[in-house]
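Participant: Got a structure for you, run10.pdb, holding PDB, C-alpha atoms and all ligand atoms.
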MODEL        1
ATOM      1  CA  MET A 135       0.000   0.000   0.000
ATOM      2  CA  ILE A 136       1.471   3.319  -1.053
ATOM      3  CA  VAL A 137       0.680   6.446   0.929
ATOM      4  CA  GLN A 138       1.204   9.450  -1.293
ATOM      5  CA  CYS A 139       1.225  13.151  -0.424
ATOM      6  CA  GLU A 140       3.502  12.319   2.477
ATOM      7  CA  ASN A 141       4.322  15.973   2.968
ATOM      8  CA  VAL A 142       0.771  16.676   4.124
ATOM      9  CA  ALA A 143       0.624  16.711   7.899
ATOM     10  CA  ASN A 144      -1.659  14.492   9.899
ATOM     11  CA  LEU A 145      -1.686  11.607   7.453
ATOM     12  CA  LYS A 146      -2.919   8.359   8.849
ATOM     13  CA  MET A 147      -4.303   5.559   6.777
ATOM     14  CA  ASN A 148      -6.287   3.102   8.858
ATOM     15  CA  ALA A 149      -8.068  -0.165   8.307
ATOM     16  CA  CYS A 150     -11.353   1.732   7.992
ATOM     17  CA  ASP A 151      -9.974   3.563   4.975
ATOM     18  CA  GLN A 152      -9.507   0.280   3.161
ATOM     19  CA  ASN A 153     -12.979  -0.899   4.120
ATOM     20  CA  PHE A 154     -14.632   2.307   2.948
ATOM     21  CA  MET A 155     -12.582   2.180  -0.246
ATOM     22  CA  LYS A 156     -13.880  -1.343  -0.840
ATOM     23  CA  ASP A 157     -17.412   0.064  -0.636
ATOM     24  CA  ALA A 158     -16.467   2.880  -3.023
ATOM     25  CA  LEU A 159     -15.107   0.240  -5.414
ATOM     26  CA  ALA A 160     -18.483  -1.522  -5.319
ATOM     27  CA  PHE A 161     -20.080   1.735  -6.503
ATOM     28  CA  ALA A 162     -17.415   2.051  -9.197
ATOM     29  CA  ARG A 163     -18.313  -1.449 -10.415
ATOM     30  CA  ALA A 164     -21.974  -0.427 -10.502
ATOM     31  CA  ALA A 165     -21.006   2.481 -12.775
ATOM     32  CA  GLY A 166     -19.046   0.150 -15.048
ATOM     33  CA  ALA A 167     -22.001  -2.225 -15.278
ATOM     34  CA  CYS A 168     -24.086   0.702 -16.572
ATOM     35  CA  GLY A 169     -21.511   1.509 -19.262
ATOM     36  CA  GLU A 170     -20.119   4.465 -17.322
ATOM     37  CA  VAL A 171     -16.426   5.013 -16.584
ATOM     38  CA  PRO A 172     -16.121   3.086 -13.274
ATOM     39  CA  VAL A 173     -15.538   5.601 -10.499
ATOM     40  CA  GLY A 174     -17.262   5.388  -7.098
ATOM     41  CA  ALA A 175     -17.343   7.688  -4.066
ATOM     42  CA  LEU A 176     -18.563   7.805  -0.460
ATOM     43  CA  VAL A 177     -18.958  10.561   2.106
ATOM     44  CA  VAL A 178     -18.420   9.319   5.663
ATOM     45  CA  ALA A 179     -19.260  11.163   8.883
ATOM     46  CA  ASP A 180     -18.162   9.663  12.199
ATOM     47  CA  GLY A 181     -17.715   6.255  10.613
ATOM     48  CA  ARG A 182     -21.185   6.345   9.023
ATOM     49  CA  VAL A 183     -21.816   6.552   5.274
ATOM     50  CA  VAL A 184     -23.954   9.645   4.611
ATOM     51  CA  GLY A 185     -23.565   9.941   0.856
ATOM     52  CA  THR A 186     -22.763   7.639  -2.048
ATOM     53  CA  GLY A 187     -22.239   8.191  -5.710
ATOM     54  CA  PHE A 188     -20.912   6.783  -8.920
ATOM     55  CA  ASN A 189     -20.135   8.306 -12.244
ATOM     56  CA  ARG A 190     -23.380   8.829 -14.236
ATOM     57  CA  ARG A 191     -22.209  11.200 -16.944
ATOM     58  CA  GLU A 192     -23.647   9.159 -19.813
ATOM     59  CA  GLU A 193     -26.970   8.379 -18.139
ATOM     60  CA  ARG A 194     -27.587  11.995 -17.159
ATOM     61  CA  GLN A 195     -25.726  13.509 -20.097
ATOM     62  CA  SER A 196     -24.237  15.892 -17.588
ATOM     63  CA  PRO A 197     -20.589  16.898 -17.278
ATOM     64  CA  LEU A 198     -21.277  17.445 -13.562
ATOM     65  CA  ALA A 199     -22.411  13.884 -12.798
ATOM     66  CA  HIS A 200     -19.105  12.688 -11.337
ATOM     67  CA  ALA A 201     -19.130  10.266  -8.400
ATOM     68  CA  GLU A 202     -17.826  12.823  -5.892
ATOM     69  CA  ILE A 203     -20.410  15.484  -6.784
ATOM     70  CA  THR A 204     -23.269  12.996  -6.436
ATOM     71  CA  ALA A 205     -21.958  11.751  -3.073
ATOM     72  CA  ILE A 206     -21.448  15.309  -1.767
ATOM     73  CA  GLU A 207     -24.953  16.336  -2.858
ATOM     74  CA  GLU A 208     -26.500  13.342  -1.126
ATOM     75  CA  ALA A 209     -24.522  13.982   2.071
ATOM     76  CA  SER A 210     -25.518  17.669   2.108
ATOM     77  CA  ARG A 211     -29.155  16.748   1.606
ATOM     78  CA  ARG A 212     -29.059  14.155   4.346
ATOM     79  CA  LEU A 213     -27.199  16.322   6.854
ATOM     80  CA  GLY A 214     -29.117  19.465   5.893
ATOM     81  CA  SER A 215     -25.934  21.460   5.415
ATOM     82  CA  TRP A 216     -23.556  22.477   2.659
ATOM     83  CA  ARG A 217     -20.761  22.382   5.243
ATOM     84  CA  LEU A 218     -19.363  18.872   5.430
ATOM     85  CA  ASN A 219     -16.471  19.732   7.721
ATOM     86  CA  ASP A 220     -16.958  16.583   9.803
ATOM     87  CA  CYS A 221     -16.920  14.363   6.737
ATOM     88  CA  ASP A 222     -14.298  12.344   4.888
ATOM     89  CA  LEU A 223     -14.611  11.695   1.172
ATOM     90  CA  TYR A 224     -13.506   8.405  -0.381
ATOM     91  CA  VAL A 225     -13.159   8.097  -4.135
ATOM     92  CA  THR A 226     -11.608   5.377  -6.258
ATOM     93  CA  LEU A 227      -9.870   7.805  -8.672
ATOM     94  CA  GLU A 228      -7.958  11.014  -7.983
ATOM     95  CA  PRO A 229     -10.491  13.880  -8.208
ATOM     96  CA  CYS A 230     -10.545  16.226 -11.211
ATOM     97  CA  ILE A 231     -10.485  20.037 -10.986
ATOM     98  CA  MET A 232     -14.281  20.265 -10.686
ATOM     99  CA  CYS A 233     -14.505  17.666  -7.922
ATOM    100  CA  ALA A 234     -11.514  19.051  -6.011
ATOM    101  CA  GLY A 235     -13.348  22.391  -6.187
ATOM    102  CA  ALA A 236     -16.514  20.809  -4.786
ATOM    103  CA  ILE A 237     -14.497  19.099  -2.027
ATOM    104  CA  LEU A 238     -13.046  22.478  -1.028
ATOM    105  CA  GLN A 239     -16.430  24.203  -1.254
ATOM    106  CA  ALA A 240     -17.968  21.526   0.983
ATOM    107  CA  ARG A 241     -15.098  21.939   3.498
ATOM    108  CA  ILE A 242     -14.507  18.178   3.489
ATOM    109  CA  GLN A 243     -12.116  17.385   6.359
ATOM    110  CA  ARG A 244     -10.110  14.601   4.709
ATOM    111  CA  LEU A 245      -9.821  13.041   1.253
ATOM    112  CA  VAL A 246      -8.908   9.417   0.572
ATOM    113  CA  PHE A 247      -8.497   8.296  -3.035
ATOM    114  CA  GLY A 248      -7.491   5.158  -4.926
ATOM    115  CA  CYS A 249      -5.393   5.498  -8.070
ATOM    116  CA  LEU A 250      -3.845   8.572  -9.638
ATOM    117  CA  ASP A 251      -5.319  10.214 -12.722
ATOM    118  CA  PRO A 252      -2.243  11.505 -14.591
ATOM    119  CA  LYS A 253      -4.385  13.230 -17.240
ATOM    120  CA  ALA A 254      -6.897  15.051 -15.034
ATOM    121  CA  GLY A 255      -5.989  14.637 -11.360
ATOM    122  CA  ALA A 256      -6.131  17.877  -9.415
ATOM    123  CA  VAL A 257      -4.932  16.845  -5.961
ATOM    124  CA  GLU A 258      -1.553  15.413  -6.897
ATOM    125  CA  SER A 259      -0.984  14.697 -10.604
ATOM    126  CA  LEU A 260      -1.567  18.053 -12.315
ATOM    127  CA  TYR A 261      -2.489  20.338  -9.423
ATOM    128  CA  ARG A 262      -2.447  20.130  -5.656
ATOM    129  CA  LEU A 263      -5.618  22.070  -4.997
ATOM    130  CA  CYS A 264      -6.380  20.526  -1.601
ATOM    131  CA  GLU A 265      -3.169  21.887  -0.096
ATOM    132  CA  ASP A 266      -3.045  25.239  -1.896
ATOM    133  CA  GLN A 267      -2.533  27.843   0.820
ATOM    134  CA  ARG A 268      -3.985  30.583  -1.383
ATOM    135  CA  LEU A 269      -7.429  28.995  -1.024
ATOM    136  CA  ASN A 270      -9.490  29.339   2.116
ATOM    137  CA  HIS A 271      -9.606  25.615   2.929
ATOM    138  CA  GLN A 272      -6.962  22.903   2.976
ATOM    139  CA  LEU A 273      -7.311  19.263   3.876
ATOM    140  CA  PRO A 274      -5.125  16.192   4.272
ATOM    141  CA  VAL A 275      -5.109  13.852   1.291
ATOM    142  CA  ILE A 276      -4.313  10.153   1.347
ATOM    143  CA  GLY A 277      -3.767   8.559  -2.060
ATOM    144  CA  GLY A 278      -3.061   5.033  -3.201
ATOM    145  CA  VAL A 279      -5.637   3.209  -1.052
ATOM    146  CA  LEU A 280      -6.534   0.036  -2.993
ATOM    147  CA  ALA A 281      -5.038   1.819  -6.002
ATOM    148  CA  ASP A 282      -4.367  -1.406  -7.913
ATOM    149  CA  GLU A 283      -8.007  -2.483  -7.738
ATOM    150  CA  SER A 284      -9.216   0.964  -8.818
ATOM    151  CA  ALA A 285      -6.740   1.133 -11.699
ATOM    152  CA  ALA A 286      -7.526  -2.436 -12.848
ATOM    153  CA  LEU A 287     -11.233  -1.637 -12.937
ATOM    154  CA  LEU A 288     -10.586   1.373 -15.184
ATOM    155  CA  ALA A 289      -8.097  -0.491 -17.392
ATOM    156  CA  ASP A 290     -10.548  -3.392 -17.906
ATOM    157  CA  PHE A 291     -13.343  -0.976 -18.737
ATOM    158  CA  PHE A 292     -11.346   0.868 -21.393
ATOM    159  CA  ALA A 293      -9.944  -2.377 -22.848
ATOM    160  CA  GLN A 294     -13.519  -3.658 -23.211
ATOM    161  CA  LEU A 295     -14.569  -0.377 -24.839
ATOM    162  CA  ARG A 296     -11.727  -0.596 -27.361
ATOM    163  CA  GLN A 297     -12.648  -4.212 -28.149
ATOM    164  CA  GLN A 298     -16.280  -3.226 -28.720
ATOM    165  CA  LYS A 299     -15.173  -0.482 -31.128
ATOM    166  CA  ARG A 300     -12.965  -2.970 -33.023
ATOM    167  CA  ASP A 301     -15.856  -5.437 -33.255
ATOM    168  CA  THR A 302     -18.203  -2.738 -34.545
ATOM    169  CA  ARG A 303     -15.710  -1.683 -37.216
ATOM    170  CA  LYS A 304     -15.217  -5.312 -38.245
ATOM    171  CA  ALA A 305     -18.965  -5.853 -38.501
ATOM    172  CA  GLU A 306     -19.270  -2.742 -40.674
ATOM    173  CA  ARG A 307     -16.505  -3.887 -42.994
ATOM    174  CA  TRP A 308     -17.702  -7.471 -43.308
ATOM    175  CA  PRO A 309     -21.476  -7.591 -43.002
ATOM    176  CA  SER A 310     -22.898 -11.012 -42.396
ATOM    177  CA  PRO A 311     -24.312 -12.724 -45.507
ATOM    178  CA  VAL A 312     -27.855 -12.045 -44.324
ATOM    179  CA  GLU A 313     -27.202  -8.337 -43.667
ATOM    180  CA  GLY A 314     -25.239  -7.995 -46.918
ATOM    181  CA  ALA A 315     -27.907  -9.617 -49.106
TER     182      ALA A 315
HETATM  183 ZN    ZN B   1     -14.518  14.911 -11.090
ENDMDL
END
As structure tokens, please, write out the structure in this file.
Ligand code: ZN
Facilitator:
Amino acid sequence: MIVQCENVANLKMNACDQNFMKDALAFARAAGACGEVPVGALVVADGRVVGTGFNRREERQSPLAHAEITAIEEASRRLGSWRLNDCDLYVTLEPCIMCAGAILQARIQRLVFGCLDPKAGAVESLYRLCEDQRLNHQLPVIGGVLADESAALLADFFAQLRQQKRDTRKAERWPSPVEGA
């Protein structure tokens, strides 16, 4: 298990983190089963899950329908507050700029994520928004929790997508005798 962002103070990964990440992975799998990029998220307050979400961008045709946003919205609804300063957020993939922004807006107290997103990650890969002192909120970030599982889920999903595209192209080039008649 790799703990990244080691320079951030107050970093402690515990057994609960792995358990909650397992739950987040279950939501990521649910997204994948619906043909969505498999990313899952949970908001946890005092050891209790108060919000869940998975990526539903295709279903909702919304660029905002990321797992973290859905989980934060549900937690805010349930707790009756936009301030989630007693809550931890678990997500299987490093948050993007939008989601890091939402995490800061919600005053999330701690972020735990699975694998890095080298192309869009905004808490370690491209930006380090959660520890930017120019912003009015900072929070500890723990990365790499069950990262291999999270990354494998994404890799399998995209491999399957590429295979489907190849099959479609093949079918277009060589129609079956019935279709070609
Ligand atoms: Zn996002």
Participant: Could you give me, as a ChimeraX atom specification, the residues within 8 Å of Glu202 of chain A, counting all atoms listed in the file and dropping anything in the same chain fewer than 5 positions from it?
Facilitator: /A:174-176,187-188,223,225,229,233
Participant: Counting all atoms listed in the file, what are the residues, protein, DNA or RNA alike, that approach ligand ZN 1 (chain B) to within 12 Å? I want them as number ranges by chain.
Facilitator: A: 171, 173-175, 187-191, 196-206, 225-237, 251, 253-257
Participant: Between A:Ala240, A:Ala149, A:Cys249, A:Val184, which is the closest to Ala285 of chain A once you count only C-alpha atoms?
Facilitator: A:Cys249
Participant: Using only C-alpha atoms, determine which residues lie at most 12 Å from Arg217 of chain A, disregarding the query and same-chain residues fewer than 3 positions distant; provide the list as an NGL selection string.
Facilitator: :A and (179 or 206-207 or 209-214 or 220-222 or 236-243 or 271)
Participant: Which is closest to Asn148 of chain A among A:Val246, A:Leu295, A:Asp266, A:Ala165, if we use only C-alpha atoms?
Facilitator: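 Closest to Asn148 of chain A of all the choices is A:Val246.
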Participant: Quick one: residues within 9 Å of Pro172 of chain A, all atoms listed in the file counted, chain neighbours fewer than 2 positions away excluded, as a ChimeraX atom specification?
Facilitator: /A:159,161-170,174,188-189,226,284,287-288,291
Participant: Could the residues in this selection be written to a file with C-alpha atoms, as a short mmCIF file (atom, residue, chain, number, x, y, z; two decimals), in the frame of the given file?
Facilitator:
data_model
loop_
_atom_site.label_atom_id
_atom_site.label_comp_id
_atom_site.auth_asym_id
_atom_site.auth_seq_id
_atom_site.Cartn_x
_atom_site.Cartn_y
_atom_site.Cartn_z
CA LEU A 159 -15.11 0.24 -5.41
CA PHE A 161 -20.08 1.74 -6.50
CA ALA A 162 -17.42 2.05 -9.20
CA ARG A 163 -18.31 -1.45 -10.42
CA ALA A 164 -21.97 -0.43 -10.50
CA ALA A 165 -21.01 2.48 -12.78
CA GLY A 166 -19.05 0.15 -15.05
CA ALA A 167 -22.00 -2.22 -15.28
CA CYS A 168 -24.09 0.70 -16.57
CA GLY A 169 -21.51 1.51 -19.26
CA GLU A 170 -20.12 4.46 -17.32
CA GLY A 174 -17.26 5.39 -7.10
CA PHE A 188 -20.91 6.78 -8.92
CA ASN A 189 -20.14 8.31 -12.24
CA THR A 226 -11.61 5.38 -6.26
CA SER A 284 -9.22 0.96 -8.82
CA LEU A 287 -11.23 -1.64 -12.94
CA LEU A 288 -10.59 1.37 -15.18
CA PHE A 291 -13.34 -0.98 -18.74
#
Participant: Rank nothing, just name the residue among A:Leu250, A:Asp157, A:Arg244, A:Lys299 nearest to Pro274 of chain A, using only C-alpha atoms.
Facilitator: A:Arg244
Participant: For atom CA of Val279 of chain A and atom CA of Phe247 of chain A, quote the distance in Å rounded to one decimal.
Facilitator: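 So the answer is 6.2 Å.
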Participant: Find the distance between atom CA of Gly185 of chain A and atom CA of Lys156 of chain A and write it in Å to one decimal.
Facilitator: 15.0 Å
Participant: Which residue out of A:Asp301, A:Leu218, A:Ile276, A:Glu258 has the minimum interatomic distance to Asp180 of chain A when only C-alpha atoms are used?
Facilitator: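 Nearest candidate to Asp180 of chain A out of A:Asp301, A:Leu218, A:Ile276, A:Glu258: A:Leu218.
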Participant: May I ask which of the residues A:Gln152, A:Gly248, A:Val177, A:Trp216 is the closest one to Gly278 of chain A, counting all atoms listed in the file?
Facilitator: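 Under the stated criterion, the closest residue is A:Gly248.
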